[in-house]
Structures are given as C-alpha cells and as structure tokens.
$ cat my_file_22.cif   # mmCIF, C-alpha atoms
data_model
#
loop_
_atom_site.label_atom_id
_atom_site.label_comp_id
_atom_site.auth_asym_id
_atom_site.auth_seq_id
_atom_site.Cartn_x
_atom_site.Cartn_y
_atom_site.Cartn_z
CA ALA A 1 91.15 120.98 142.98
CA LYS A 2 91.62 119.02 139.79
CA SER A 3 91.56 121.21 136.70
CA ALA A 4 89.68 119.85 133.72
CA PRO A 5 90.98 120.26 130.21
CA ALA A 6 89.02 122.84 128.32
CA LEU A 7 87.60 121.84 124.97
CA PRO A 8 86.46 124.79 122.92
CA SER A 9 83.03 124.68 121.38
CA SER A 10 81.18 126.71 118.82
CA LYS A 11 79.22 128.63 121.42
CA TYR A 12 81.43 128.87 124.47
CA VAL A 13 84.97 129.43 123.24
CA GLY A 14 85.04 129.59 119.45
CA GLY A 15 88.12 130.31 117.40
CA GLU A 16 90.09 128.04 115.13
CA ARG A 17 91.12 125.52 117.78
CA GLU A 18 88.11 123.17 117.55
CA GLY A 19 88.80 119.57 116.74
CA GLY A 20 92.20 118.01 116.40
CA TYR A 21 92.34 116.84 120.01
CA SER A 22 94.20 113.65 120.80
CA SER A 23 92.31 110.69 122.18
CA ASP A 24 94.18 111.22 125.47
CA VAL A 25 92.82 114.76 125.84
CA ILE A 26 89.27 113.68 124.95
CA SER A 27 89.53 110.75 127.38
CA ARG A 28 90.77 112.98 130.22
CA PHE A 29 88.07 115.57 129.52
CA CYS A 30 85.38 112.88 129.67
CA SER A 31 86.83 111.34 132.81
CA VAL A 32 87.00 114.64 134.68
CA TRP A 33 83.48 115.67 133.69
CA GLY A 34 81.83 112.29 134.25
CA ILE A 35 81.15 111.48 130.60
CA GLN A 36 81.35 107.84 129.54
CA TYR A 37 81.45 107.09 125.84
CA ASP A 38 81.43 104.19 123.47
CA ALA A 39 81.71 104.36 119.70
CA SER A 40 81.25 101.63 117.14
CA CYS A 41 81.04 101.58 113.39
CA GLY A 42 79.65 98.78 111.27
CA SER A 43 78.76 98.39 107.64
CA GLU A 44 75.43 100.17 108.13
CA PHE A 45 75.58 102.23 111.34
CA LEU A 46 77.84 104.56 113.25
CA THR A 47 76.88 104.63 116.91
CA LEU A 48 78.17 107.02 119.53
CA GLU A 49 76.77 106.48 122.98
CA LEU A 50 77.41 109.07 125.67
CA ARG A 51 76.40 108.65 129.29
CA VAL A 52 76.65 111.67 131.54
CA ALA A 53 76.43 112.26 135.27
CA THR A 54 73.54 114.71 135.21
CA ALA A 55 74.17 115.61 138.83
CA GLN A 56 77.33 117.35 137.68
CA GLU A 57 76.42 120.81 136.43
CA GLY A 58 77.02 121.30 132.72
CA ALA A 59 77.74 117.63 131.96
CA LEU A 60 74.90 117.43 129.45
CA ARG A 61 76.17 120.52 127.62
CA ARG A 62 79.71 119.14 127.55
CA ALA A 63 78.52 115.85 126.05
CA MET A 64 76.71 117.77 123.30
CA GLU A 65 79.87 119.81 122.68
CA LEU A 66 81.73 116.57 121.99
CA ILE A 67 79.10 115.48 119.49
CA TRP A 68 79.24 118.90 117.85
CA LEU A 69 83.02 118.58 117.51
CA LEU A 70 82.62 115.15 115.91
CA PHE A 71 80.28 116.57 113.27
CA GLU A 72 81.91 119.93 112.64
CA ARG A 73 85.61 119.22 113.22
CA PRO A 74 86.17 115.49 112.64
CA ASP A 75 89.77 114.44 113.10
CA PHE A 76 91.00 111.11 111.74
CA ASP A 77 94.14 109.67 113.25
CA GLY A 78 96.15 106.84 111.71
CA ARG A 79 96.96 105.53 115.21
CA ALA A 80 93.24 105.02 115.85
CA LEU A 81 92.96 102.92 112.69
CA GLU A 82 95.92 100.82 113.85
CA ARG A 83 94.31 100.33 117.28
CA TYR A 84 91.12 99.24 115.52
CA ARG A 85 93.05 96.76 113.37
CA ALA A 86 94.65 95.32 116.51
CA ARG A 87 91.23 95.02 118.18
CA VAL A 88 89.81 93.20 115.13
CA GLU A 89 92.83 90.87 115.15
CA ARG A 90 92.28 90.01 118.84
CA SER A 91 88.55 89.54 118.28
CA HIS A 92 89.15 87.32 115.25
CA ARG A 93 91.61 85.12 117.18
CA SER A 94 89.14 84.73 120.05
CA LEU A 95 86.21 83.86 117.74
CA ALA A 96 87.35 80.27 117.34
CA LYS A 97 87.76 79.94 121.12
CA SER A 98 84.21 81.01 121.90
CA LEU A 99 81.58 78.37 121.33
CA GLU A 100 78.84 80.96 121.85
CA ARG A 101 80.25 83.36 119.23
CA CYS A 102 80.90 80.59 116.70
CA THR A 103 77.39 79.23 117.16
CA SER A 104 75.71 82.63 116.90
CA GLN A 105 77.75 83.58 113.83
CA SER A 106 76.85 80.30 112.13
CA PHE A 107 73.17 80.70 113.08
CA PHE A 108 72.92 84.29 111.79
CA MET A 109 74.76 83.46 108.56
CA ARG A 110 72.30 80.66 107.83
CA MET A 111 69.30 82.71 108.90
CA THR A 112 70.07 85.65 106.60
CA GLY A 113 70.98 83.58 103.58
CA ALA A 114 73.89 84.05 101.22
CA GLU A 115 72.60 87.31 99.76
CA HIS A 116 72.60 89.21 103.07
CA SER A 117 75.12 87.21 105.08
CA TRP A 118 77.71 89.99 104.77
CA ARG A 119 75.65 92.01 107.26
CA MET A 120 76.32 89.46 109.99
CA GLU A 121 79.96 88.73 109.28
CA GLU A 122 82.58 89.88 111.71
CA LEU A 123 85.44 91.79 110.17
CA SER A 124 88.52 89.75 109.56
CA PRO A 125 92.06 91.10 109.68
CA LYS A 126 92.38 90.10 106.02
CA SER A 127 89.38 92.20 104.94
CA LEU A 128 90.53 95.16 107.05
CA ALA A 129 94.18 95.12 105.87
CA PRO A 130 93.67 97.07 102.61
CA LEU A 131 91.61 99.79 104.37
CA THR A 132 93.42 103.13 104.35
CA LEU A 133 92.78 106.15 106.55
CA ASP A 134 91.14 107.89 103.58
CA ASP A 135 88.86 104.86 103.09
CA ALA A 136 87.87 104.95 106.77
CA ARG A 137 87.23 108.72 106.57
CA ARG A 138 85.03 108.27 103.47
CA ILE A 139 83.02 105.41 105.03
CA ILE A 140 82.46 107.19 108.33
CA MET A 141 81.66 110.58 106.81
CA ALA A 142 79.07 108.97 104.53
CA GLN A 143 77.22 107.89 107.68
CA LEU A 144 77.95 110.99 109.77
CA VAL A 145 75.34 113.39 108.42
CA PRO A 146 72.88 115.45 110.48
CA PRO A 147 69.71 113.90 108.98
CA ASN A 148 70.88 110.49 110.26
CA VAL A 149 71.24 111.67 113.88
CA GLU A 150 69.06 110.11 116.53
CA VAL A 151 69.18 111.45 120.06
CA THR A 152 67.73 109.44 122.92
CA ALA A 153 67.73 110.88 126.42
CA SER A 154 66.69 109.06 129.56
CA GLY A 155 67.23 109.50 133.24
CA ASP A 156 67.16 112.44 135.60
CA PHE A 157 67.94 115.57 133.60
CA ASP A 158 66.65 119.11 133.23
CA ALA A 159 64.39 119.17 130.16
CA GLY A 160 65.10 122.88 129.63
CA GLU A 161 68.85 122.29 129.63
CA LEU A 162 68.43 119.43 127.17
CA GLU A 163 66.24 121.47 124.83
CA ALA A 164 68.60 124.46 124.93
CA GLY A 165 71.58 122.18 124.22
CA LEU A 166 69.83 120.43 121.35
CA LEU A 167 68.99 123.76 119.74
CA ALA A 168 72.45 125.22 120.32
CA TYR A 169 74.46 122.22 119.13
CA PHE A 170 72.28 120.15 116.83
CA GLY A 171 70.17 122.96 115.41
CA THR A 172 73.25 124.55 113.85
CA LEU A 173 74.94 121.46 112.45
CA THR A 174 76.15 121.67 108.89
CA GLY A 175 78.05 118.38 109.18
CA ALA A 176 81.37 117.78 107.53
CA GLY A 177 79.83 114.75 105.86
CA ALA A 178 76.78 116.59 104.51
#

$ encode --input "my_file_22.cif" --output "structure tokens"
Amino acid sequence: AKSAPALPSSKYVGGEREGGYSSDVISRFCSVWGIQYDASCGSEFLTLELRVATAQEGALRRAMELIWLLFERPDFDGRALERYRARVERSHRSLAKSLERCTSQSFFMRMTGAEHSWRMEELSPKSLAPLTLDDARRIIMAQLVPPNVEVTASGDFDAGELEAGLLAYFGTLTGAGA
C-alpha cells in the first residue's frame, strides 16, 4: 500500500510543524489523496481552485486543510518566484505567435480604454523583473484575507462533512494577511 505524506493541520495534528512544506511534498500529498489544484494571481484576484475526489474518504477535509495552511502558515519560496518568471517569459514569447491571443489582447485593450487597459495587459518579463520575493509576499498577502474568501462547492459530497469542515477550518481563520 502506498503511504501518503502526512500534512499536519490545526485540528488533526497541531504543533509547530505547519506550513513550510516544499512544493514537491504538497504535490505528492495532493496526488495521493486525489486533490487537483490550480492557483493564479492577477492584479486584482488570487484564485485557488481545488478539485477533490469525494469518493475518497476525507478528501474534502484534506483540501480544506491545505487552504487553512495557506492562510495560517503561508510559505514564500524564491524558487517559486523564479518558476513564475520563467512561465511569464514563455507566455510572452508565445504571445506574438498566437493570432488568437494577439487579437483578443488588442480587442480588450481598445474596449477598456487607456485608463483601465492595465487590467487586461499580460505581464511582461520586463515588468516582472524588478519584483522581489518581499514584493510578491506583500501583494499576495494583501489579497489573502478571510473576508475575501469565496467557497463554491458542487458535485457529489456529504453536506454534513462540508459544513463541519467549513466551520473547523474557515470559522477559525485569523489569516496571516489580516
């Protein structure tokens, strides 16, 4: 039997070991427990989407544990910022090769007007270059506050398990960014 990495949480393990996990450990934990995730951060929103296999017992609770860790024990890694810079560089290079992306960017820039066009611009490597890890932490933590949280649940899940998890994990959030 495959053993899953254990991630401590506020309720189930406790102690001073929360947070600080490498992306490899988080990725393995999610893979073993059937949690798919996607995170994106823009100028106005921070979005974390988690999809769980509800047929696997405890998957919903584990997904909420990850969100709790993000709020209560955020860990910023310089390697993640470098991976993001590389992704922006690749995206920027491919922009000119994609007629659809060039057309949509041009359309949205004209539609919003000069005053609000910054909302539709894609990041360029040049604009991202001066960003430090402290800058990224400040920007993300300004958006990562409990009053800004929206939870949407759909699919086949136990409503009681969801309610208990929401109370246990989201009802106690203080939020590092609060």

$ closest_residue --input "my_file_22.cif" --among "A:Ala80, A:Val88, A:Ala59, A:Leu131" --to "Ser31 of chain A" --atoms "all atoms listed in the file"
A:Ala59

$ atom_distance --input "my_file_22.cif" --atom1 "atom CA of Leu95 of chain A" --atom2 "atom CA of Ala136 of chain A"
23.8 Å

$ resolve_selection --input "my_file_22.cif" --expression "the PyMOL selection byres ((chain A and resi 145-149) around 12)" --output "PyMOL selection string"
chain A and resi 44-49+67-68+70-72+74+139-144+150-152+166+169-178

$ closest_residue --input "my_file_22.cif" --among "A:Met109, A:Ala153, A:Leu123, A:Leu69" --to "Arg51 of chain A" --atoms "all atoms listed in the file"
A:Ala153

$ closest_residue --input "my_file_22.cif" --among "A:Asp156, A:Glu65, A:Glu163, A:Asp134" --to "Phe29 of chain A" --atoms "all atoms listed in the file"
A:Glu65

$ atom_distance --input "my_file_22.cif" --atom1 "atom CA of Gln105 of chain A" --atom2 "atom CA of Arg83 of chain A"
23.8 Å

$ closest_residue --input "my_file_22.cif" --among "A:Cys102, A:Ile26, A:Leu81, A:Ala63" --to "Ala129 of chain A" --atoms "all atoms listed in the file"
A:Leu81

$ closest_residue --input "my_file_22.cif" --among "A:Ala168, A:Leu162, A:Val25, A:Ala86" --to "Leu60 of chain A" --atoms "only C-alpha atoms"
A:Leu162

$ closest_residue --input "my_file_22.cif" --among "A:Thr103, A:Ser40, A:Thr54, A:Thr112" --to "Glu161 of chain A" --atoms "all atoms listed in the file"
A:Thr54

$ atom_distance --input "my_file_22.cif" --atom1 "atom CA of Asp24 of chain A" --atom2 "atom CA of His92 of chain A"
26.5 Å

$ resolve_selection --input "my_file_22.cif" --expression "the PyMOL selection byres ((chain A and resi 56) around 12)" --output "ChimeraX atom specification"
/A:32-35,52-55,57-63,156-158
